[in-house]
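Novice: So that you have it, the file is input-v6.cif, and it contains mmCIF, C-alpha atoms and all ligand atoms:
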```cif
data_target
#
loop_
_atom_site.label_atom_id
_atom_site.label_comp_id
_atom_site.auth_asym_id
_atom_site.auth_seq_id
_atom_site.Cartn_x
_atom_site.Cartn_y
_atom_site.Cartn_z
CA MET A 179 -4.79 -8.66 -16.55
CA ALA A 180 -5.72 -10.45 -13.31
CA GLY A 181 -3.21 -10.30 -10.47
CA GLY A 182 -2.39 -14.00 -10.65
CA GLU A 183 -1.49 -13.84 -14.33
CA LEU A 184 0.44 -10.62 -13.87
CA ILE A 185 2.64 -12.17 -11.21
CA ALA A 186 2.98 -15.46 -13.11
CA GLU A 187 4.28 -13.42 -16.06
CA ALA A 188 6.83 -11.72 -13.79
CA VAL A 189 7.98 -15.13 -12.51
CA ALA A 190 8.19 -16.42 -16.08
CA ALA A 191 10.28 -13.40 -17.08
CA LEU A 192 12.59 -14.08 -14.14
CA LEU A 193 12.96 -17.74 -15.16
CA ARG A 194 13.72 -16.81 -18.77
CA GLY A 195 16.68 -14.76 -17.53
CA LYS A 196 17.67 -17.06 -14.65
CA PRO A 197 16.37 -20.60 -15.21
CA ASP A 198 17.44 -21.83 -11.76
CA ALA A 199 15.93 -18.89 -9.87
CA LEU A 200 14.94 -19.55 -6.26
CA LEU A 201 11.24 -18.74 -5.90
CA GLY A 202 9.83 -18.17 -2.44
CA VAL A 203 6.19 -19.18 -2.32
CA ALA A 204 3.38 -18.43 0.08
CA THR A 205 0.42 -20.55 1.09
CA GLY A 206 -3.20 -19.52 1.68
CA SER A 207 -5.89 -19.08 -0.95
CA THR A 208 -4.68 -15.81 -2.48
CA PRO A 209 -1.60 -16.99 -4.42
CA LEU A 210 -3.25 -20.08 -5.95
CA PRO A 211 -4.12 -18.23 -9.21
CA VAL A 212 -0.41 -17.36 -9.57
CA TYR A 213 0.58 -21.03 -9.39
CA GLN A 214 -2.20 -22.05 -11.76
CA ALA A 215 -1.23 -19.39 -14.30
CA LEU A 216 2.45 -20.32 -14.07
CA ALA A 217 1.71 -24.03 -14.51
CA ALA A 218 -0.43 -23.14 -17.56
CA GLN A 219 2.51 -21.23 -19.04
CA VAL A 220 4.77 -24.24 -18.47
CA ARG A 221 2.26 -26.57 -20.15
CA ALA A 222 1.92 -24.15 -23.06
CA GLY A 223 5.70 -24.10 -23.45
CA SER A 224 6.04 -20.34 -22.97
CA VAL A 225 8.44 -20.81 -20.06
CA ASP A 226 10.77 -23.61 -18.99
CA ALA A 227 10.55 -24.06 -15.22
CA SER A 228 12.44 -27.35 -15.12
CA ARG A 229 15.43 -25.85 -13.28
CA ALA A 230 13.41 -23.59 -10.94
CA ARG A 231 13.90 -24.01 -7.23
CA ILE A 232 11.08 -23.48 -4.76
CA CYS A 233 11.31 -22.50 -1.11
CA GLN A 234 8.75 -22.25 1.61
CA LEU A 235 7.94 -19.16 3.64
CA ASP A 236 6.56 -20.73 6.78
CA GLU A 237 5.32 -23.95 8.33
CA TYR A 238 3.14 -25.25 11.13
CA VAL A 239 4.95 -26.80 14.07
CA GLY A 240 3.93 -30.26 15.19
CA LEU A 241 1.69 -31.49 12.38
CA PRO A 242 2.68 -35.06 11.56
CA ALA A 243 4.92 -35.48 8.51
CA GLY A 244 2.74 -35.78 5.41
CA HIS A 245 -0.29 -34.07 7.01
CA PRO A 246 -2.23 -32.67 4.01
CA GLU A 247 -2.35 -29.17 5.54
CA SER A 248 1.31 -28.94 6.48
CA TYR A 249 2.68 -26.18 4.32
CA ARG A 250 5.23 -28.61 2.92
CA SER A 251 2.35 -30.77 1.62
CA VAL A 252 0.49 -27.71 0.33
CA VAL A 253 3.50 -26.34 -1.56
CA LEU A 254 4.33 -29.75 -3.04
CA ARG A 255 0.69 -30.17 -4.14
CA GLU A 256 -0.03 -26.62 -5.36
CA VAL A 257 3.34 -25.53 -6.74
CA VAL A 258 6.05 -28.17 -7.08
CA GLU A 259 4.00 -30.94 -8.72
CA PRO A 260 1.98 -28.71 -11.10
CA LEU A 261 5.27 -27.20 -12.35
CA GLY A 262 6.54 -30.71 -13.05
CA LEU A 263 9.30 -30.42 -10.45
CA GLY A 264 10.47 -33.03 -7.95
CA ALA A 265 10.86 -32.76 -4.18
CA ASP A 266 14.61 -32.22 -4.73
CA SER A 267 13.78 -28.78 -6.20
CA PHE A 268 12.12 -27.78 -2.97
CA MET A 269 13.27 -26.60 0.45
CA GLY A 270 11.42 -25.67 3.61
CA PRO A 271 11.78 -25.51 7.38
CA ASP A 272 11.25 -28.74 9.30
CA GLY A 273 8.06 -28.34 11.32
CA THR A 274 8.50 -31.81 12.83
CA ALA A 275 11.97 -31.15 14.27
CA GLU A 276 12.65 -31.97 17.94
CA ASP A 277 15.01 -29.01 18.12
CA VAL A 278 12.98 -26.15 16.64
CA PRO A 279 15.59 -23.37 17.07
CA ALA A 280 18.18 -25.55 15.30
CA ALA A 281 15.72 -26.22 12.46
CA CYS A 282 15.10 -22.47 12.12
CA ALA A 283 18.80 -21.62 12.02
CA ALA A 284 19.39 -24.45 9.54
CA TYR A 285 16.72 -23.04 7.22
CA ASP A 286 18.17 -19.52 7.29
CA SER A 287 21.59 -21.03 6.45
CA ALA A 288 20.12 -23.16 3.68
CA LEU A 289 18.51 -20.11 2.07
CA ARG A 290 21.79 -18.26 2.17
CA GLU A 291 23.75 -21.23 0.77
CA ALA A 292 21.19 -21.51 -2.03
CA GLY A 293 22.17 -17.99 -3.07
CA GLY A 294 19.18 -16.19 -1.57
CA VAL A 295 15.61 -15.89 -2.75
CA ASP A 296 15.18 -14.20 -6.13
CA LEU A 297 11.47 -13.51 -5.88
CA GLN A 298 9.39 -13.95 -2.73
CA LEU A 299 5.66 -14.12 -3.19
CA LEU A 300 3.70 -12.98 -0.14
CA GLY A 301 0.10 -12.86 0.96
CA ILE A 302 -1.10 -10.77 3.87
CA GLY A 303 -3.03 -11.78 6.95
CA THR A 304 -6.06 -9.79 8.01
CA ASP A 305 -3.93 -8.60 10.93
CA GLY A 306 -1.16 -7.44 8.58
CA HIS A 307 1.12 -10.46 8.99
CA ILE A 308 3.48 -11.70 6.29
CA GLY A 309 4.57 -15.31 6.46
CA PHE A 310 3.49 -15.99 10.00
CA ASN A 311 5.12 -12.86 11.44
CA GLU A 312 2.32 -11.76 13.69
CA PRO A 313 1.93 -8.15 14.90
CA CYS A 314 4.89 -6.93 16.95
CA SER A 315 7.31 -9.29 15.26
CA SER A 316 10.76 -7.72 15.21
CA LEU A 317 11.43 -6.04 11.90
CA ALA A 318 14.93 -7.59 12.09
CA SER A 319 13.71 -11.10 12.94
CA ARG A 320 15.22 -14.26 11.50
CA THR A 321 13.48 -17.58 10.93
CA ARG A 322 12.05 -18.62 14.28
CA ILE A 323 9.06 -20.03 16.14
CA LYS A 324 5.98 -17.83 16.55
CA THR A 325 2.65 -18.21 18.32
CA LEU A 326 -0.41 -17.55 16.16
CA THR A 327 -2.97 -14.97 17.18
CA ARG A 328 -6.53 -16.08 17.76
CA GLN A 329 -7.51 -14.18 14.61
CA THR A 330 -5.03 -16.07 12.43
CA ARG A 331 -6.07 -19.44 13.88
CA GLU A 332 -9.69 -18.56 13.10
CA ASP A 333 -8.77 -17.38 9.58
CA ASN A 334 -6.92 -20.63 8.89
CA ALA A 335 -9.49 -22.95 10.52
CA ARG A 336 -11.19 -23.43 7.14
CA PHE A 337 -8.34 -25.69 6.06
CA PHE A 338 -8.85 -28.10 8.97
CA GLU A 339 -11.72 -30.39 9.93
CA ARG A 340 -12.05 -28.83 13.40
CA PRO A 341 -10.87 -25.34 14.46
CA GLU A 342 -8.92 -26.71 17.42
CA GLU A 343 -6.72 -28.67 15.01
CA VAL A 344 -5.02 -25.44 13.85
CA PRO A 345 -1.59 -25.52 15.51
CA HIS A 346 -0.71 -22.73 17.93
CA HIS A 347 2.93 -22.65 16.86
CA VAL A 348 4.62 -22.10 13.55
CA ILE A 349 8.05 -21.58 12.03
CA THR A 350 8.28 -18.54 9.81
CA GLN A 351 11.00 -16.79 7.87
CA GLY A 352 11.63 -13.66 9.91
CA ILE A 353 10.95 -10.22 8.58
CA GLY A 354 14.71 -9.67 8.31
CA THR A 355 14.95 -12.94 6.36
CA ILE A 356 12.11 -11.99 4.02
CA LEU A 357 13.69 -8.59 3.37
CA GLU A 358 16.79 -10.35 1.99
CA ALA A 359 14.88 -11.64 -1.03
CA ARG A 360 15.77 -9.66 -4.14
CA HIS A 361 12.17 -8.92 -5.11
CA LEU A 362 9.10 -9.05 -2.86
CA VAL A 363 5.68 -9.43 -4.48
CA LEU A 364 2.66 -9.20 -2.20
CA LEU A 365 -0.73 -10.20 -3.59
CA ALA A 366 -3.93 -9.27 -1.76
CA THR A 367 -7.48 -9.74 -2.96
CA GLY A 368 -10.90 -9.07 -1.46
CA ALA A 369 -12.40 -6.54 0.92
CA GLY A 370 -11.19 -8.48 3.95
CA LYS A 371 -7.63 -7.37 3.16
CA ALA A 372 -8.37 -3.68 2.47
CA ASP A 373 -7.53 -2.43 5.96
CA ALA A 374 -4.33 -4.47 6.22
CA VAL A 375 -3.21 -3.36 2.73
CA ALA A 376 -3.76 0.33 3.46
CA ARG A 377 -1.88 0.10 6.76
CA ALA A 378 0.98 -1.83 5.14
CA VAL A 379 1.38 0.39 2.08
CA GLU A 380 0.65 3.84 3.46
CA GLY A 381 2.20 3.37 6.84
CA PRO A 382 3.43 4.20 9.31
CA LEU A 383 6.23 1.65 9.34
CA THR A 384 5.50 -0.35 12.46
CA ALA A 385 6.02 -3.83 13.88
CA LEU A 386 2.31 -3.71 14.68
CA VAL A 387 1.73 -4.17 10.93
CA PRO A 388 4.48 -6.57 9.84
CA ALA A 389 3.73 -6.08 6.14
CA SER A 390 4.66 -2.40 6.52
CA ALA A 391 8.27 -3.69 6.52
CA LEU A 392 7.94 -3.84 2.72
CA GLN A 393 8.48 -0.09 2.84
CA LEU A 394 12.11 -0.86 3.77
CA HIS A 395 12.71 -2.98 0.68
CA PRO A 396 14.28 -1.54 -2.48
CA HIS A 397 12.10 -3.65 -4.80
CA ALA A 398 8.69 -4.48 -3.37
CA THR A 399 5.55 -4.78 -5.49
CA VAL A 400 2.04 -4.87 -4.06
CA VAL A 401 -0.62 -6.29 -6.39
CA VAL A 402 -4.24 -5.75 -5.34
CA ASP A 403 -7.72 -6.03 -6.78
CA GLU A 404 -10.17 -3.14 -6.46
CA ALA A 405 -11.71 -4.54 -3.24
CA ALA A 406 -8.36 -4.87 -1.49
CA ALA A 407 -7.37 -1.38 -2.72
CA ALA A 408 -10.53 0.24 -1.36
CA GLN A 409 -8.92 1.94 1.64
CA LEU A 410 -5.81 3.26 -0.08
CA ALA A 411 -5.78 7.06 0.14
CA LEU A 412 -3.37 7.26 -2.79
CA ALA A 413 -5.20 4.76 -5.01
CA ASP A 414 -5.55 7.23 -7.89
CA TYR A 415 -1.84 7.99 -7.80
CA PHE A 416 -0.99 4.28 -7.76
CA ARG A 417 -3.26 3.67 -10.77
CA ALA A 418 -1.61 6.52 -12.69
CA THR A 419 1.86 5.24 -11.75
CA TYR A 420 1.04 1.76 -13.00
CA ALA A 421 -0.51 3.06 -16.22
CA ALA A 422 2.64 5.08 -16.94
CA LYS A 423 5.11 2.41 -15.80
CA PRO A 424 8.07 2.09 -18.18
CA HIS A 425 7.89 -1.30 -19.89
CA TRP A 426 11.56 -2.10 -19.22
CA GLN A 427 10.91 -1.91 -15.49
CA GLY A 428 8.91 -5.14 -15.30
CA LEU A 429 6.81 -5.66 -12.19
C1 LIG A 501 -1.37 -17.68 6.30
C2 LIG A 501 0.00 -17.73 5.66
C3 LIG A 501 0.34 -16.43 4.99
C4 LIG A 501 -0.79 -15.97 4.11
C5 LIG A 501 -2.02 -15.77 4.95
C6 LIG A 501 -3.20 -15.24 4.17
O1 LIG A 501 -1.37 -17.09 7.53
N1 LIG A 501 1.00 -18.06 6.63
O2 LIG A 501 1.55 -16.58 4.24
O3 LIG A 501 -0.44 -14.77 3.47
O4 LIG A 501 -2.36 -17.04 5.50
O5 LIG A 501 -3.89 -16.29 3.55
P1 LIG A 501 -5.01 -16.10 2.49
O6 LIG A 501 -4.33 -15.75 1.23
O7 LIG A 501 -5.69 -17.44 2.40
O8 LIG A 501 -5.91 -15.03 2.97
#
```
Just dump the structure as structure tokens.

Specialist:
Amino acid sequence: MAGGELIAEAVAALLRGKPDALLGVATGSTPLPVYQALAAQVRAGSVDASRARICQLDEYVGLPAGHPESYRSVVLREVVEPLGLGADSFMGPDGTAEDVPAACAAYDSALREAGGVDLQLLGIGTDGHIGFNEPCSSLASRTRIKTLTRQTREDNARFFERPEEVPHHVITQGIGTILEARHLVLLATGAGKADAVARAVEGPLTALVPASALQLHPHATVVVDEAAAAQLALADYFRATYAAKPHWQGL
């Protein structure tokens, strides 16, 4: 089964047991197959997502409200609308706020008041970032403003008409915030992610590779295709583990 479908099935299983689950979603190209597969399940009637709640992982600072590449717009377009949900099912940090630290604190509080994230879907940056926690982010960090690396701005330039339009600043759930989600699911595909995946999964645990913080989480799942798995020293062991995984365990 392809990674997108595998994760969509795990989300569907979660929603069958907890119809109002809070799903943390990531942007970027990688998770799109998850959202498409989940929307297909909803259309086919194999899962009811009508009470699901969706929350955002990160956001650009300073893009005008309604900008098509603000992560709020992307999540509404790619996740909320295809699932047949309304904007009232959705929460995210305010990237247009005058008082950015207050907006960050408000988002952390809102997540807590919503009961915490049940399943947080993550991608990974080529530099090992999760959300927009760039290398050397504190492993205990809360939602806050970050400055993007040149690499990340270049990686994300494809979404904008001109590279200089990519904002320098972002709001991201902190690594400490992300680690509070009950289940973390990181999806990585393609050879461009192989180095970051190997460093995240096989360590060492280091702020230099923010995704290595998943090693601290009691329930973290990393889903990769063969290309993204290419640099894993323990790939054979991981394959055997997955093949022998008890069915009751889920993802
Ligand atoms: C951005 C997002 C991340 C995402 C990363 C990788 O930086 N803030 O959440 O994981 O891009 O994106 P892609 O999946 O397109 O490679």

Novice: In Å, how far is it from CA of Val401 in chain A to CA of Thr367 in chain A?

Specialist: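 Result for CA of Val401 in chain A versus CA of Thr367 in chain A: 8.4 Å, one decimal.
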
Novice: Is there a way to get, as an mmCIF file with C-alpha atoms, in the coordinates of the input, all residues within 10 Å of the point (1.0, -28.2, -9.3) in file coordinates, counting only C-alpha atoms?

Specialist:
```
data_model
loop_
_atom_site.group_PDB
_atom_site.id
_atom_site.type_symbol
_atom_site.label_atom_id
_atom_site.label_comp_id
_atom_site.auth_asym_id
_atom_site.auth_seq_id
_atom_site.Cartn_x
_atom_site.Cartn_y
_atom_site.Cartn_z
ATOM 1 C CA LEU A 210 -3.250 -20.080 -5.950
ATOM 2 C CA TYR A 213 0.580 -21.030 -9.390
ATOM 3 C CA GLN A 214 -2.200 -22.050 -11.760
ATOM 4 C CA LEU A 216 2.450 -20.320 -14.070
ATOM 5 C CA ALA A 217 1.710 -24.030 -14.510
ATOM 6 C CA ALA A 218 -0.430 -23.140 -17.560
ATOM 7 C CA VAL A 252 0.490 -27.710 0.330
ATOM 8 C CA VAL A 253 3.500 -26.340 -1.560
ATOM 9 C CA LEU A 254 4.330 -29.750 -3.040
ATOM 10 C CA ARG A 255 0.690 -30.170 -4.140
ATOM 11 C CA GLU A 256 -0.030 -26.620 -5.360
ATOM 12 C CA VAL A 257 3.340 -25.530 -6.740
ATOM 13 C CA VAL A 258 6.050 -28.170 -7.080
ATOM 14 C CA GLU A 259 4.000 -30.940 -8.720
ATOM 15 C CA PRO A 260 1.980 -28.710 -11.100
ATOM 16 C CA LEU A 261 5.270 -27.200 -12.350
ATOM 17 C CA GLY A 262 6.540 -30.710 -13.050
ATOM 18 C CA LEU A 263 9.300 -30.420 -10.450
#
```

Novice: Could you pull the residues within 7 Å of range 221-232 of chain A, counting all atoms listed in the file, minus those fewer than 2 positions along the same chain, as an MDAnalysis selection string?

Specialist: chainID A and resid 190 193:194 197:203 217:219 234 261 263 267:269

Novice: Report as a list in words which protein, DNA and RNA residues come within 8 Å of ligand LIG 501 (chain A), using all atoms listed in the file.

Specialist: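 The residues near ligand LIG 501 (chain A) are Ala204, Thr205, Gly206, Ser207, Thr208, Pro209, Leu235, Asp236, Glu237, Leu300, Gly301, Ile302, Gly303, Thr304, His307, Ile308, Gly309, Phe310, Thr330, Asp333, Asn334, Thr350, Ala366, Thr367 and Lys371 of chain A.
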
Novice: Emit the selected residues as an mmCIF file, in the frame of the given file, including C-alpha atoms.

Specialist:
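The new file selection-v6.cif reads:
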```
data_model
loop_
_atom_site.group_PDB
_atom_site.id
_atom_site.type_symbol
_atom_site.label_atom_id
_atom_site.label_comp_id
_atom_site.auth_asym_id
_atom_site.auth_seq_id
_atom_site.Cartn_x
_atom_site.Cartn_y
_atom_site.Cartn_z
ATOM 1 C CA ALA A 204 3.380 -18.430 0.080
ATOM 2 C CA THR A 205 0.420 -20.550 1.090
ATOM 3 C CA GLY A 206 -3.200 -19.520 1.680
ATOM 4 C CA SER A 207 -5.890 -19.080 -0.950
ATOM 5 C CA THR A 208 -4.680 -15.810 -2.480
ATOM 6 C CA PRO A 209 -1.600 -16.990 -4.420
ATOM 7 C CA LEU A 235 7.940 -19.160 3.640
ATOM 8 C CA ASP A 236 6.560 -20.730 6.780
ATOM 9 C CA GLU A 237 5.320 -23.950 8.330
ATOM 10 C CA LEU A 300 3.700 -12.980 -0.140
ATOM 11 C CA GLY A 301 0.100 -12.860 0.960
ATOM 12 C CA ILE A 302 -1.100 -10.770 3.870
ATOM 13 C CA GLY A 303 -3.030 -11.780 6.950
ATOM 14 C CA THR A 304 -6.060 -9.790 8.010
ATOM 15 C CA HIS A 307 1.120 -10.460 8.990
ATOM 16 C CA ILE A 308 3.480 -11.700 6.290
ATOM 17 C CA GLY A 309 4.570 -15.310 6.460
ATOM 18 C CA PHE A 310 3.490 -15.990 10.000
ATOM 19 C CA THR A 330 -5.030 -16.070 12.430
ATOM 20 C CA ASP A 333 -8.770 -17.380 9.580
ATOM 21 C CA ASN A 334 -6.920 -20.630 8.890
ATOM 22 C CA THR A 350 8.280 -18.540 9.810
ATOM 23 C CA ALA A 366 -3.930 -9.270 -1.760
ATOM 24 C CA THR A 367 -7.480 -9.740 -2.960
ATOM 25 C CA LYS A 371 -7.630 -7.370 3.160
#
```

Novice: Kindly indicate which residue among A:Glu291, A:Asp305, A:Glu380, A:Glu312 lies nearest to Lys324 in chain A, using all atoms listed in the file for the distances.

Specialist: A:Glu312

Novice: Find the distance between CA of Leu412 in chain A and CA of Ile356 in chain A and write it in Å to one decimal.

Specialist: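 Answer for the CA of Leu412 in chain A to CA of Ile356 in chain A separation: 25.6 Å.
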
Novice: Can you tell me, as a PDB file with C-alpha atoms, in the coordinates of the input, which residues sit within 6 Å of (8.0, -33.6, 10.4) in the file's frame, using all atoms listed in the file?

Specialist:
```
ATOM      1  CA  PRO A 242       2.680 -35.060  11.560  1.00  0.00           C
ATOM      2  CA  ALA A 243       4.920 -35.480   8.510  1.00  0.00           C
ATOM      3  CA  ASP A 272      11.250 -28.740   9.300  1.00  0.00           C
ATOM      4  CA  GLY A 273       8.060 -28.340  11.320  1.00  0.00           C
ATOM      5  CA  THR A 274       8.500 -31.810  12.830  1.00  0.00           C
TER       6      THR A 274
END
```

Novice: Please determine, counting all atoms listed in the file, which residue among A:Val400, A:Cys314, A:Leu326, A:Val348 has the shortest atom-to-atom distance to Ser248 in chain A.

Specialist: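 Among the listed residues, the smallest separation from Ser248 in chain A belongs to A:Val348.
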
Novice: Hey, can you check how far CA of Leu365 in chain A sits from CA of Ile323 in chain A?

Specialist: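 Interatomic distance, CA of Leu365 in chain A to CA of Ile323 in chain A: 24.1 Å.
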
Novice: For Leu383 in chain A, which residue out of A:Leu317, A:Leu364, A:Ala411, A:Ala406 is the nearest one, using all atoms listed in the file?

Specialist: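 For Leu383 in chain A, the nearest of the given residues is A:Leu317.
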